[in-house]
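Scroll down for the structure; my scribbles are underneath it.
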Amino acid sequence: MSELPVEAETKAQPRRFRVIGNARAGSVLEAGVGNFARRIEAAFAAAGCYAEVELLPPRAIEERLRAAVDDRAATPVIAGGDGTVNGALPVLLECPRPVGILPLGTVNVLGRDLGLLGTIEEQVSALCRGKPVAMDLGSINGRPFHSISGMGFFSLMAREREQARRRFPFSRAIAFAFAAGRSILFTRPIRIELEIGGVQRQVEADAVLVTVNQFDGADWRRNRLDGGQLEVHILDTGGLLSRTKAALSMLTGSWRTSHNLVSLTAEAVTLTRRDKRRGHVTFDGEVERRAGSLDYRLLPAALQVIAARPAEI
């Protein structure tokens, strides 16, 4: 009896990604949209993967990202800064499979926490090798955020720092000093009604900041992405001296031990400005003016995201 022919092994198809990115990101504008898209495609190819890349104006991102989520043969990836990722969260939360993040912003808080560092080529390589992890999110009056929200000094510092890095890209120290100086001078105390775990208190503070899980150090890094808690930071109102000390403690990474800072953990917190006026509130670097109460809630393990590091390190 003659032997049956052995079928030749078929080569495995490369992993496929659909990258939807912000064409207004600084790194994209510097290189040009077409050049940057080709660079991303080449980086995926070099990592043994295949990617379709669309770099779009912000208003067009949601529609194309929904199409990427609906394409079950590919992994959807949102490319942009923390604010772009924030705006994409409602769509990403509808995805029944892990999603990717490609950080293209100035600060890239989430990108760093996911282990996506270095050049675009290094980030893409890490993304292709990465593993899905469950990540906690927060919400404010039903709107999701992935890392940081708040008002007052810390939120102003975050805004000023991002702008300063664009203005002084050659020196991180100069950018920080510029941002800190403006934040120290222009922060005004806010009077807040705070409710945590059913306990109410009234505080007058230079800042109230809410983070998803615990940040630490000068670079504001999280050791856990699934810690299951919100952390509330209250910077007391001590005027210029208090804010100067807070800025220095942020620079040295010792801010968690500052005598001017009180940190509390919770799964839910409500903040209400006692003056009832509209105030600036940050959502992962994006800024809006809001009035009324801000109801913060934890969304545990809400998003499956590809990371180049485990959820807990």
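How things are named: the first chain in the structure tokens is A, the next is B, and so on; residues count from 1 in each chain; ligands count from 1 in the order shown.
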
Skipping near chain neighbours, those fewer than 2 positions away, what residues fall within 6 Å of Ala268 of chain A using only C-alpha atoms, listed as a ChimeraX atom specification? /A:266,296-297

As a check of understanding: the span from atom CA of Val107 of chain A to atom CA of Arg273 of chain A is 28.2 Å

Nearest to Gly228 of chain A among A:Pro96, A:Gly285, A:Gly198, A:Gly138, with distances taken over only C-alpha atoms: which residue is it? A:Gly138

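Between Gly81 of chain A and the residues A:His146, A:Arg64, A:Arg38, A:Arg182, the shortest atom-to-atom distance, using only C-alpha atoms, involves A:His146.
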
With DSSP run on the backbone, what are the alpha helix (DSSP H) residues within segment 68-245 of chain A? I'd like them as a ChimeraX atom specification. /A:68-70,82-92,109-113,120-129,153-167,172-186,239-245

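Across A:Ala46, A:Leu235, A:Met250, A:Val210, the tightest approach to Glu121 of chain A is made by A:Ala46 when counting only C-alpha atoms.
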
Selection: 12 Å around Phe44 of chain A, only C-alpha atoms, excl. self and same-chain fewer than 5 positions, as a ChimeraX atom specification: /A:14-19,37-39,49-53,102,120-129

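Nearest residue to Thr282 of chain A, choosing from A:Glu193, A:Glu204, A:Asp82, A:Asp71 and counting only C-alpha atoms: A:Asp82.
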
Looking at A:Ala307, A:Leu104, A:Ile78, A:Ile40, which one is nearest to Ser27 of chain A, with distances taken over only C-alpha atoms? A:Leu104

Work out how far atom CA of Ala134 of chain A is from atom CA of Leu56 of chain A, in Å to one decimal. 27.9 Å

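The protein and nucleic acid residues lying at most 9 Å from Gly150 of chain A are Phe154, Ser155, Ala207, Val208, Leu209, Val210, Thr211, His280, Val281, Thr282 and Phe283 of chain A, with only C-alpha atoms considered and sequence neighbours fewer than 3 positions away removed.
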
Can you spit out the residues from that selection as a PDB file, in the first residue's frame, using N, CA, C and O atoms?
ATOM      1  N   PHE A 154      -2.706  70.160  41.412  1.00  0.00           N
ATOM      2  CA  PHE A 154      -2.172  69.013  40.685  1.00  0.00           C
ATOM      3  C   PHE A 154      -2.682  68.973  39.251  1.00  0.00           C
ATOM      4  O   PHE A 154      -1.944  68.633  38.321  1.00  0.00           O
ATOM      5  N   SER A 155      -3.967  69.304  39.061  1.00  0.00           N
ATOM      6  CA  SER A 155      -4.510  69.301  37.704  1.00  0.00           C
ATOM      7  C   SER A 155      -3.905  70.420  36.883  1.00  0.00           C
ATOM      8  O   SER A 155      -3.588  70.244  35.702  1.00  0.00           O
ATOM      9  N   ALA A 207      -5.680  71.507  46.156  1.00  0.00           N
ATOM     10  CA  ALA A 207      -5.908  70.506  45.112  1.00  0.00           C
ATOM     11  C   ALA A 207      -6.614  69.302  45.689  1.00  0.00           C
ATOM     12  O   ALA A 207      -6.421  68.946  46.853  1.00  0.00           O
ATOM     13  N   VAL A 208      -7.447  68.673  44.876  1.00  0.00           N
ATOM     14  CA  VAL A 208      -7.992  67.349  45.161  1.00  0.00           C
ATOM     15  C   VAL A 208      -7.794  66.530  43.889  1.00  0.00           C
ATOM     16  O   VAL A 208      -8.212  66.939  42.810  1.00  0.00           O
ATOM     17  N   LEU A 209      -7.144  65.389  44.041  1.00  0.00           N
ATOM     18  CA  LEU A 209      -6.806  64.557  42.884  1.00  0.00           C
ATOM     19  C   LEU A 209      -7.288  63.135  43.143  1.00  0.00           C
ATOM     20  O   LEU A 209      -7.112  62.607  44.245  1.00  0.00           O
ATOM     21  N   VAL A 210      -7.907  62.521  42.139  1.00  0.00           N
ATOM     22  CA  VAL A 210      -8.374  61.146  42.242  1.00  0.00           C
ATOM     23  C   VAL A 210      -7.637  60.311  41.204  1.00  0.00           C
ATOM     24  O   VAL A 210      -7.614  60.660  40.016  1.00  0.00           O
ATOM     25  N   THR A 211      -7.021  59.218  41.641  1.00  0.00           N
ATOM     26  CA  THR A 211      -6.278  58.351  40.726  1.00  0.00           C
ATOM     27  C   THR A 211      -6.859  56.937  40.754  1.00  0.00           C
ATOM     28  O   THR A 211      -7.408  56.498  41.768  1.00  0.00           O
ATOM     29  N   HIS A 280     -12.387  74.053  36.628  1.00  0.00           N
ATOM     30  CA  HIS A 280     -11.628  73.209  35.718  1.00  0.00           C
ATOM     31  C   HIS A 280     -11.403  71.833  36.350  1.00  0.00           C
ATOM     32  O   HIS A 280     -10.974  71.728  37.502  1.00  0.00           O
ATOM     33  N   VAL A 281     -11.697  70.799  35.584  1.00  0.00           N
ATOM     34  CA  VAL A 281     -11.498  69.417  36.020  1.00  0.00           C
ATOM     35  C   VAL A 281     -10.705  68.697  34.938  1.00  0.00           C
ATOM     36  O   VAL A 281     -10.995  68.840  33.745  1.00  0.00           O
ATOM     37  N   THR A 282      -9.700  67.948  35.337  1.00  0.00           N
ATOM     38  CA  THR A 282      -8.887  67.207  34.370  1.00  0.00           C
ATOM     39  C   THR A 282      -9.368  65.766  34.271  1.00  0.00           C
ATOM     40  O   THR A 282      -9.779  65.154  35.270  1.00  0.00           O
ATOM     41  N   PHE A 283      -9.312  65.238  33.069  1.00  0.00           N
ATOM     42  CA  PHE A 283      -9.624  63.839  32.781  1.00  0.00           C
ATOM     43  C   PHE A 283      -8.454  63.291  31.961  1.00  0.00           C
ATOM     44  O   PHE A 283      -8.409  63.476  30.751  1.00  0.00           O
TER      45      PHE A 283
END

For the interface of segment 103-150 of chain A with segment 299-302 of chain A (cut-off 10 Å, counting only C-alpha atoms), please tabulate each contacting residue of segment 103-150 of chain A alongside its nearest pair of atoms and their separation in Å to one decimal, rows sorted by chain and increasing number, as a Markdown table.
| residue | atom | partner | partner_atom | distance |
| --- | --- | --- | --- | --- |
| A:Val133 | CA | A:Ala301 | CA | 8.7 |
| A:Ala134 | CA | A:Ala301 | CA | 4.9 |
| A:Met135 | CA | A:Ala301 | CA | 4.8 |
| A:Asp136 | CA | A:Ala301 | CA | 4.4 |
| A:Leu137 | CA | A:Leu299 | CA | 5.0 |
| A:Gly138 | CA | A:Leu299 | CA | 5.4 |
| A:Ser139 | CA | A:Leu299 | CA | 7.0 |
| A:Pro144 | CA | A:Leu299 | CA | 8.4 |
| A:Phe145 | CA | A:Leu299 | CA | 9.6 |
| A:His146 | CA | A:Leu299 | CA | 9.8 |

Identify all residues of segment 101-135 of chain A in strand (DSSP E or B) (DSSP on the backbone) and supply them as number ranges by chain. A: 101-103, 131-135

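The spacing separating atom CA of Val199 of chain A from atom CA of His259 of chain A amounts to 22.7 Å.
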